[in-house]
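This is coords28.txt (compact mmCIF, C-alpha atoms).
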```txt
# COMPACT_ATOMS: atom_id res chain seq x y z
CA MET A 1 91.95 0.12 -33.24
CA ASN A 2 92.79 -2.00 -30.20
CA VAL A 3 90.39 -4.69 -29.01
CA LEU A 4 89.16 -2.73 -25.98
CA LYS A 5 88.36 0.35 -28.06
CA LYS A 6 86.56 -1.82 -30.61
CA VAL A 7 84.38 -3.29 -27.87
CA PHE A 8 83.44 0.11 -26.42
CA ASN A 9 82.76 1.57 -29.87
CA ASN A 10 80.19 -1.15 -30.33
CA ALA A 11 78.10 0.58 -27.67
CA ARG A 12 77.23 3.25 -30.22
CA LYS A 13 75.61 0.79 -32.64
CA PRO A 14 75.77 -2.84 -31.46
CA GLN A 15 76.56 -5.29 -34.23
CA GLY A 16 77.97 -8.74 -34.72
CA VAL A 17 78.87 -11.13 -31.92
CA ILE A 18 80.20 -8.36 -29.69
CA GLY A 19 76.96 -6.43 -30.23
CA LYS A 20 74.84 -9.40 -29.17
CA ILE A 21 76.80 -9.70 -25.95
CA MET A 22 76.59 -5.95 -25.38
CA VAL A 23 72.80 -5.64 -25.77
CA THR A 24 72.32 -8.50 -23.31
CA GLY A 25 74.54 -6.65 -20.86
CA MET A 26 72.49 -3.48 -21.34
CA ASN A 27 69.57 -5.17 -19.61
CA GLY A 28 71.37 -5.78 -16.33
CA ASN A 29 73.87 -4.65 -13.74
CA ALA A 30 74.75 -0.94 -13.71
CA HIS A 31 72.41 -0.15 -16.60
CA ALA A 32 69.45 -1.59 -14.72
CA MET A 33 70.38 0.32 -11.57
CA LEU A 34 70.56 3.58 -13.52
CA ALA A 35 67.17 2.99 -15.14
CA LYS A 36 65.51 2.10 -11.84
CA TRP A 37 66.96 5.23 -10.21
CA ALA A 38 65.54 7.44 -12.95
CA LEU A 39 62.17 5.71 -13.17
CA SER A 40 61.70 5.85 -9.40
CA ASN A 41 61.55 9.63 -9.77
CA LEU A 42 59.09 9.56 -12.66
CA VAL A 43 55.30 9.38 -12.40
CA ILE A 44 53.69 7.67 -15.39
CA ASN A 45 49.94 7.32 -15.94
CA ASP A 46 48.87 3.70 -16.27
CA ASP A 47 47.42 4.32 -19.76
CA SER A 48 50.35 6.32 -21.15
CA ARG A 49 51.72 5.96 -24.66
CA VAL A 50 55.50 5.85 -24.42
CA LEU A 51 58.37 5.83 -26.92
CA ASP A 52 61.85 4.62 -25.90
CA ILE A 53 64.48 5.88 -28.36
CA GLY A 54 67.67 3.84 -28.55
CA CYS A 55 65.95 0.92 -26.88
CA GLY A 56 69.08 -1.26 -26.80
CA GLY A 57 68.34 -4.66 -25.29
CA GLY A 58 64.70 -3.88 -24.52
CA GLY A 59 65.02 -3.95 -20.75
CA ASN A 60 63.73 -0.42 -20.32
CA ILE A 61 60.77 -1.14 -22.58
CA ALA A 62 59.86 -3.95 -20.19
CA ARG A 63 60.18 -1.63 -17.18
CA LEU A 64 58.03 1.02 -18.85
CA LEU A 65 55.37 -1.56 -19.70
CA GLN A 66 55.14 -2.43 -16.01
CA LEU A 67 54.63 1.23 -15.14
CA CYS A 68 51.77 1.70 -17.62
CA PRO A 69 49.85 -1.60 -17.49
CA ASN A 70 46.99 -0.18 -19.55
CA GLY A 71 49.23 1.72 -21.93
CA TYR A 72 51.48 1.15 -24.92
CA VAL A 73 55.27 1.30 -25.31
CA ALA A 74 57.12 1.62 -28.61
CA GLY A 75 60.84 1.16 -29.04
CA ILE A 76 63.18 2.25 -31.80
CA ASP A 77 66.88 1.65 -32.44
CA TYR A 78 69.12 1.92 -35.49
CA SER A 79 70.93 -1.29 -34.60
CA PRO A 80 69.30 -4.47 -36.04
CA VAL A 81 70.93 -6.45 -33.21
CA SER A 82 69.25 -4.20 -30.62
CA VAL A 83 65.88 -4.41 -32.37
CA LYS A 84 66.02 -8.21 -32.47
CA LYS A 85 66.90 -8.44 -28.78
CA SER A 86 64.21 -5.95 -27.77
CA ILE A 87 61.61 -7.96 -29.67
CA GLU A 88 62.72 -11.17 -27.94
CA VAL A 89 62.59 -9.59 -24.48
CA ASN A 90 59.14 -8.07 -25.03
CA ALA A 91 57.56 -10.77 -27.19
CA ALA A 92 54.53 -11.26 -24.95
CA ALA A 93 53.65 -7.55 -24.91
CA ILE A 94 54.11 -7.37 -28.68
CA ALA A 95 51.75 -10.33 -29.13
CA HIS A 96 49.15 -8.50 -27.03
CA LYS A 97 49.53 -5.32 -29.15
CA ARG A 98 50.92 -3.37 -26.18
CA CYS A 99 54.35 -2.92 -27.69
CA ASP A 100 56.09 -2.44 -31.00
CA VAL A 101 59.80 -2.24 -31.84
CA LYS A 102 61.14 -0.71 -35.04
CA GLU A 103 64.50 -0.18 -36.68
CA GLY A 104 64.95 3.52 -37.34
CA ASN A 105 66.85 6.71 -36.64
CA VAL A 106 66.10 9.58 -34.27
CA ALA A 107 66.86 12.04 -37.09
CA THR A 108 63.67 10.96 -38.89
CA LEU A 109 61.36 9.31 -36.36
CA PRO A 110 58.74 7.19 -38.18
CA TYR A 111 55.83 8.33 -36.01
CA ASN A 112 52.98 10.80 -36.33
CA GLU A 113 52.88 14.20 -34.69
CA GLU A 114 51.64 14.27 -31.08
CA GLU A 115 51.56 10.48 -30.77
CA PHE A 116 53.19 9.96 -27.34
CA ASP A 117 52.71 11.15 -23.77
CA LEU A 118 56.29 10.33 -22.85
CA VAL A 119 59.55 9.84 -24.76
CA THR A 120 62.58 8.35 -23.02
CA ALA A 121 66.24 8.20 -24.01
CA PHE A 122 68.44 6.06 -21.79
CA GLU A 123 72.19 6.45 -22.35
CA THR A 124 71.84 7.34 -26.02
CA VAL A 125 71.83 11.10 -26.65
CA TYR A 126 75.65 10.99 -26.52
CA PHE A 127 75.53 9.66 -30.08
CA TRP A 128 72.63 11.61 -31.59
CA PRO A 129 73.44 13.57 -34.76
CA SER A 130 72.57 17.29 -34.88
CA ILE A 131 71.35 17.17 -31.30
CA GLU A 132 68.85 20.05 -31.52
CA ASP A 133 67.31 18.70 -34.73
CA SER A 134 66.99 15.32 -33.01
CA PHE A 135 65.32 17.02 -30.04
CA ARG A 136 62.89 18.71 -32.44
CA GLN A 137 61.94 15.27 -33.74
CA VAL A 138 61.12 14.25 -30.17
CA TRP A 139 59.12 17.46 -29.70
CA ARG A 140 57.14 16.68 -32.88
CA VAL A 141 55.98 13.22 -31.77
CA LEU A 142 55.09 14.32 -28.23
CA LYS A 143 51.55 15.31 -27.30
CA ALA A 144 50.92 18.74 -25.83
CA ARG A 145 52.18 18.74 -22.23
CA GLY A 146 54.11 15.56 -22.99
CA ARG A 147 57.48 14.87 -21.39
CA PHE A 148 60.91 13.98 -22.71
CA VAL A 149 63.21 12.22 -20.24
CA ILE A 150 66.95 11.87 -20.83
CA VAL A 151 68.89 9.51 -18.57
CA ASN A 152 72.70 9.49 -18.73
CA GLU A 153 75.20 7.54 -16.68
CA ALA A 154 77.80 10.25 -17.37
CA ASP A 155 77.11 13.85 -16.38
CA GLY A 156 79.60 15.67 -18.60
CA GLU A 157 81.49 17.06 -15.63
CA GLU A 158 85.28 16.73 -15.40
CA LYS A 159 85.22 13.20 -14.01
CA GLY A 160 82.27 12.16 -16.15
CA ILE A 161 83.66 12.62 -19.66
CA LYS A 162 86.22 9.83 -19.75
CA TRP A 163 84.25 7.85 -22.35
CA ASP A 164 84.49 10.67 -24.92
CA LYS A 165 88.15 9.74 -25.29
CA VAL A 166 87.36 6.06 -25.76
CA VAL A 167 84.25 5.94 -27.97
CA ASP A 168 84.30 7.61 -31.37
CA ASP A 169 81.78 10.41 -32.07
CA MET A 170 80.57 10.43 -28.47
CA HIS A 171 79.76 13.65 -26.64
CA THR A 172 78.91 13.55 -22.95
CA TYR A 173 76.64 16.54 -22.31
CA ASN A 174 76.52 18.31 -18.99
CA SER A 175 73.23 19.57 -17.56
CA ALA A 176 73.73 23.14 -18.82
CA GLU A 177 74.36 21.95 -22.38
CA LEU A 178 71.29 19.74 -22.34
CA GLN A 179 69.14 22.53 -20.96
CA GLU A 180 70.33 24.92 -23.67
CA HIS A 181 69.75 22.46 -26.51
CA LEU A 182 66.33 21.45 -25.19
CA THR A 183 65.26 25.08 -24.85
CA ASN A 184 66.43 25.84 -28.39
CA ALA A 185 64.38 22.88 -29.62
CA GLY A 186 61.21 24.27 -28.04
CA PHE A 187 61.03 22.51 -24.69
CA ALA A 188 60.22 24.27 -21.41
CA ASP A 189 60.04 23.64 -17.65
CA ILE A 190 63.25 21.63 -17.70
CA GLU A 191 63.93 19.70 -14.50
CA ILE A 192 67.38 18.32 -13.71
CA LEU A 193 68.10 15.50 -11.28
CA HIS A 194 71.84 15.14 -10.72
CA ASP A 195 73.66 12.51 -8.70
CA PRO A 196 77.17 14.03 -8.50
CA LYS A 197 78.58 11.10 -6.55
CA ARG A 198 77.82 8.66 -9.38
CA HIS A 199 77.99 11.31 -12.13
CA ARG A 200 74.54 10.46 -13.48
CA LEU A 201 71.79 12.69 -14.81
CA CYS A 202 68.04 12.53 -15.31
CA VAL A 203 66.66 15.49 -17.27
CA THR A 204 62.92 16.00 -17.84
CA ALA A 205 61.68 18.52 -20.40
CA HIS A 206 58.07 19.43 -21.18
CA LYS A 207 56.29 20.28 -24.41
CA LYS A 208 54.11 23.33 -23.82
```
Translate this file's structure into structure tokens.
Amino acid sequence: MNVLKKVFNNARKPQGVIGKIMVTGMNGNAHAMLAKWALSNLVINDDSRVLDIGCGGGGNIARLLQLCPNGYVAGIDYSPVSVKKSIEVNAAAIAHKRCDVKEGNVATLPYNEEEFDLVTAFETVYFWPSIEDSFRQVWRVLKARGRFVIVNEADGEEKGIKWDKVVDDMHTYNSAELQEHLTNAGFADIEILHDPKRHRLCVTAHKK
């Protein structure tokens, strides 16, 4: 494996020195712009309970906390490096019992049924195992009428799948694939926001 491929493969599960650099980078630049674009189109009640799956460097947890000042935001990631960084970034909110970050896997989410109003997944579903089973886990922890929001910087169209050839076990889903898998997992009223110029997607699915 060449050095460049090794670096990009670390995006799947950040670890070691490269992982520490990567999770710091996840909190800024293009990643931040993508998150702000998606969140600007999302209305969140100020007392919402939110779960961010694949929380990376914790930057999106911080943004979500700002959007629900009387709410609670949990984060989960299967990378210990990501969990540590997310805890550092959101230490104040954790101290005030408004936030919690755990190490865990989307395949077996360690949360109760109907615990969250909103679940978010920023740039992470590319790597989820058994995608429909993972979506069913999200459905389980959502409250009735809760929302699941997927935000991808690659839209799975012809010019948006270049990373599949670089990162191992990565699949860049297009909007039709996501809609099909979400429907099969029990979600309804699926809304798709597509920016074809930048090849980014924001998909919102509802639990009904």
Self-check item: Minimum-distance residue to His206 in chain A, chosen among A:Asn70, A:Asn174, A:Asp133, A:Val119 (using all atoms listed in the file)
Solution: A:Val119
Could you give me, as a PDB file with C-alpha atoms, in the frame of the given file, the residues within 10 Å of Glu113 in chain A, counting all atoms listed in the file and dropping anything in the same chain fewer than 4 positions from it?
```
ATOM      1  CA  LEU A 109      61.360   9.310 -36.360  1.00  0.00           C
ATOM      2  CA  GLN A 137      61.940  15.270 -33.740  1.00  0.00           C
ATOM      3  CA  VAL A 138      61.120  14.250 -30.170  1.00  0.00           C
ATOM      4  CA  TRP A 139      59.120  17.460 -29.700  1.00  0.00           C
ATOM      5  CA  ARG A 140      57.140  16.680 -32.880  1.00  0.00           C
ATOM      6  CA  VAL A 141      55.980  13.220 -31.770  1.00  0.00           C
ATOM      7  CA  LEU A 142      55.090  14.320 -28.230  1.00  0.00           C
ATOM      8  CA  LYS A 143      51.550  15.310 -27.300  1.00  0.00           C
TER       9      LYS A 143
END
```
Practice problem: To one decimal in Å, tell me the separation between CA of Lys102 in chain A and CA of Ser40 in chain A. | Solution: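 Separating CA of Lys102 in chain A from CA of Ser40 in chain A is a distance of 26.5 Å.
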Practice problem: For CA of Pro129 in chain A and CA of Ser48 in chain A, determine how far apart the two atoms are, in Å to one decimal place. | Solution: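 Here the two named atoms are 27.8 Å from each other.
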Self-check item: Two-atom distance - CA of Arg198 in chain A, CA of His31 in chain A (Å)
Solution: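 CA of His31 in chain A lies 12.6 Å from CA of Arg198 in chain A.
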Quiz prompt | Nearest residue to Val106 in chain A from the set A:Gly59, A:Pro69, A:Gly156, A:Gly75 (distances using only C-alpha atoms) | solution = A:Gly75
Practice problem: For Ile131 in chain A, list every protein, DNA or RNA residue within 10 Å, evaluated using all atoms listed in the file, and leave out those in the same chain fewer than 5 positions away; present the list as a list in words. | Solution: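 Everything that qualifies: Val106, Ala107, Val125, Tyr126, Arg136, Gln137, Leu178, His181, Leu182 and Ala185 of chain A.
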Self-check item: Surrounding residues of Ile150 in chain A excluding itself and chain neighbours under 3 positions, 12 Å, all atoms listed in the file, as an MDAnalysis selection string
Solution: chainID A and resid 34:35 38:39 42 52:54 118:126 135 138 147 153:155 173:175 178:179 182 190:194 200:206
Quiz item: What lies within 7 Å of Lys85 in chain A using all atoms listed in the file, ignoring chain neighbours under 4 positions off, as a list in words?
Solution: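 Contacts, in chain order: Gly57, Gly58, Val81 and Val89 of chain A.
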Can you rebuild range 43-54 of chain A with all heavy atoms and give it as a PDB file, keeping the file's coordinate frame?
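Just written: selection_34.pdb:
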```
ATOM      1  N   VAL A  43      56.690   9.830 -12.509  1.00  0.00           N
ATOM      2  CA  VAL A  43      55.300   9.380 -12.400  1.00  0.00           C
ATOM      3  C   VAL A  43      54.738   9.188 -13.801  1.00  0.00           C
ATOM      4  O   VAL A  43      54.767  10.107 -14.625  1.00  0.00           O
ATOM      5  CB  VAL A  43      54.443  10.411 -11.623  1.00  0.00           C
ATOM      6  CG1 VAL A  43      52.984   9.967 -11.599  1.00  0.00           C
ATOM      7  CG2 VAL A  43      54.979  10.583 -10.207  1.00  0.00           C
ATOM      8  N   ILE A  44      54.228   7.991 -14.077  1.00  0.00           N
ATOM      9  CA  ILE A  44      53.690   7.670 -15.390  1.00  0.00           C
ATOM     10  C   ILE A  44      52.253   7.185 -15.231  1.00  0.00           C
ATOM     11  O   ILE A  44      51.981   6.280 -14.431  1.00  0.00           O
ATOM     12  CB  ILE A  44      54.522   6.575 -16.082  1.00  0.00           C
ATOM     13  CG1 ILE A  44      55.986   7.015 -16.209  1.00  0.00           C
ATOM     14  CG2 ILE A  44      53.957   6.243 -17.458  1.00  0.00           C
ATOM     15  CD1 ILE A  44      56.895   5.953 -16.801  1.00  0.00           C
ATOM     16  N   ASN A  45      51.332   7.770 -15.974  1.00  0.00           N
ATOM     17  CA  ASN A  45      49.940   7.320 -15.940  1.00  0.00           C
ATOM     18  C   ASN A  45      49.844   5.892 -16.467  1.00  0.00           C
ATOM     19  O   ASN A  45      50.576   5.502 -17.383  1.00  0.00           O
ATOM     20  CB  ASN A  45      49.056   8.238 -16.777  1.00  0.00           C
ATOM     21  CG  ASN A  45      48.935   9.617 -16.181  1.00  0.00           C
ATOM     22  OD1 ASN A  45      49.115   9.812 -14.973  1.00  0.00           O
ATOM     23  ND2 ASN A  45      48.643  10.607 -17.018  1.00  0.00           N
ATOM     24  N   ASP A  46      48.921   5.115 -15.903  1.00  0.00           N
ATOM     25  CA  ASP A  46      48.870   3.700 -16.270  1.00  0.00           C
ATOM     26  C   ASP A  46      48.394   3.450 -17.701  1.00  0.00           C
ATOM     27  O   ASP A  46      48.522   2.343 -18.220  1.00  0.00           O
ATOM     28  CB  ASP A  46      48.001   2.908 -15.279  1.00  0.00           C
ATOM     29  CG  ASP A  46      46.542   3.337 -15.283  1.00  0.00           C
ATOM     30  OD1 ASP A  46      46.173   4.225 -16.068  1.00  0.00           O
ATOM     31  OD2 ASP A  46      45.769   2.766 -14.495  1.00  0.00           O
ATOM     32  N   ASP A  47      47.859   4.492 -18.370  1.00  0.00           N
ATOM     33  CA  ASP A  47      47.420   4.320 -19.760  1.00  0.00           C
ATOM     34  C   ASP A  47      48.266   5.149 -20.731  1.00  0.00           C
ATOM     35  O   ASP A  47      47.838   5.449 -21.850  1.00  0.00           O
ATOM     36  CB  ASP A  47      45.948   4.719 -19.898  1.00  0.00           C
ATOM     37  CG  ASP A  47      45.682   6.176 -19.523  1.00  0.00           C
ATOM     38  OD1 ASP A  47      46.586   6.823 -18.952  1.00  0.00           O
ATOM     39  OD2 ASP A  47      44.574   6.662 -19.796  1.00  0.00           O
ATOM     40  N   SER A  48      49.483   5.482 -20.336  1.00  0.00           N
ATOM     41  CA  SER A  48      50.350   6.320 -21.150  1.00  0.00           C
ATOM     42  C   SER A  48      50.810   5.614 -22.431  1.00  0.00           C
ATOM     43  O   SER A  48      50.961   4.384 -22.469  1.00  0.00           O
ATOM     44  CB  SER A  48      51.592   6.742 -20.360  1.00  0.00           C
ATOM     45  OG  SER A  48      51.267   7.623 -19.322  1.00  0.00           O
ATOM     46  N   ARG A  49      51.058   6.427 -23.451  1.00  0.00           N
ATOM     47  CA  ARG A  49      51.720   5.960 -24.660  1.00  0.00           C
ATOM     48  C   ARG A  49      53.155   6.470 -24.606  1.00  0.00           C
ATOM     49  O   ARG A  49      53.387   7.672 -24.511  1.00  0.00           O
ATOM     50  CB  ARG A  49      51.004   6.489 -25.916  1.00  0.00           C
ATOM     51  CG  ARG A  49      49.634   5.864 -26.142  1.00  0.00           C
ATOM     52  CD  ARG A  49      49.010   6.390 -27.429  1.00  0.00           C
ATOM     53  NE  ARG A  49      49.809   6.071 -28.607  1.00  0.00           N
ATOM     54  CZ  ARG A  49      49.746   4.920 -29.284  1.00  0.00           C
ATOM     55  NH1 ARG A  49      48.912   3.968 -28.888  1.00  0.00           N
ATOM     56  NH2 ARG A  49      50.511   4.715 -30.347  1.00  0.00           N
ATOM     57  N   VAL A  50      54.103   5.533 -24.664  1.00  0.00           N
ATOM     58  CA  VAL A  50      55.500   5.850 -24.420  1.00  0.00           C
ATOM     59  C   VAL A  50      56.361   5.405 -25.606  1.00  0.00           C
ATOM     60  O   VAL A  50      56.110   4.358 -26.214  1.00  0.00           O
ATOM     61  CB  VAL A  50      56.006   5.158 -23.136  1.00  0.00           C
ATOM     62  CG1 VAL A  50      57.443   5.558 -22.827  1.00  0.00           C
ATOM     63  CG2 VAL A  50      55.091   5.474 -21.958  1.00  0.00           C
ATOM     64  N   LEU A  51      57.380   6.199 -25.910  1.00  0.00           N
ATOM     65  CA  LEU A  51      58.370   5.830 -26.920  1.00  0.00           C
ATOM     66  C   LEU A  51      59.750   5.826 -26.263  1.00  0.00           C
ATOM     67  O   LEU A  51      60.153   6.819 -25.647  1.00  0.00           O
ATOM     68  CB  LEU A  51      58.368   6.833 -28.081  1.00  0.00           C
ATOM     69  CG  LEU A  51      59.517   6.712 -29.089  1.00  0.00           C
ATOM     70  CD1 LEU A  51      59.474   5.361 -29.812  1.00  0.00           C
ATOM     71  CD2 LEU A  51      59.483   7.861 -30.094  1.00  0.00           C
ATOM     72  N   ASP A  52      60.477   4.713 -26.397  1.00  0.00           N
ATOM     73  CA  ASP A  52      61.850   4.620 -25.900  1.00  0.00           C
ATOM     74  C   ASP A  52      62.790   4.637 -27.101  1.00  0.00           C
ATOM     75  O   ASP A  52      62.810   3.691 -27.900  1.00  0.00           O
ATOM     76  CB  ASP A  52      62.037   3.346 -25.086  1.00  0.00           C
ATOM     77  CG  ASP A  52      63.426   3.255 -24.457  1.00  0.00           C
ATOM     78  OD1 ASP A  52      63.966   4.312 -24.083  1.00  0.00           O
ATOM     79  OD2 ASP A  52      63.954   2.129 -24.343  1.00  0.00           O
ATOM     80  N   ILE A  53      63.563   5.722 -27.234  1.00  0.00           N
ATOM     81  CA  ILE A  53      64.480   5.880 -28.360  1.00  0.00           C
ATOM     82  C   ILE A  53      65.853   5.331 -27.976  1.00  0.00           C
ATOM     83  O   ILE A  53      66.387   5.637 -26.917  1.00  0.00           O
ATOM     84  CB  ILE A  53      64.611   7.360 -28.758  1.00  0.00           C
ATOM     85  CG1 ILE A  53      63.252   7.931 -29.143  1.00  0.00           C
ATOM     86  CG2 ILE A  53      65.596   7.517 -29.907  1.00  0.00           C
ATOM     87  CD1 ILE A  53      63.282   9.417 -29.469  1.00  0.00           C
ATOM     88  N   GLY A  54      66.416   4.517 -28.869  1.00  0.00           N
ATOM     89  CA  GLY A  54      67.670   3.840 -28.550  1.00  0.00           C
ATOM     90  C   GLY A  54      67.417   2.742 -27.548  1.00  0.00           C
ATOM     91  O   GLY A  54      68.066   2.679 -26.502  1.00  0.00           O
TER      92      GLY A  54
END
```
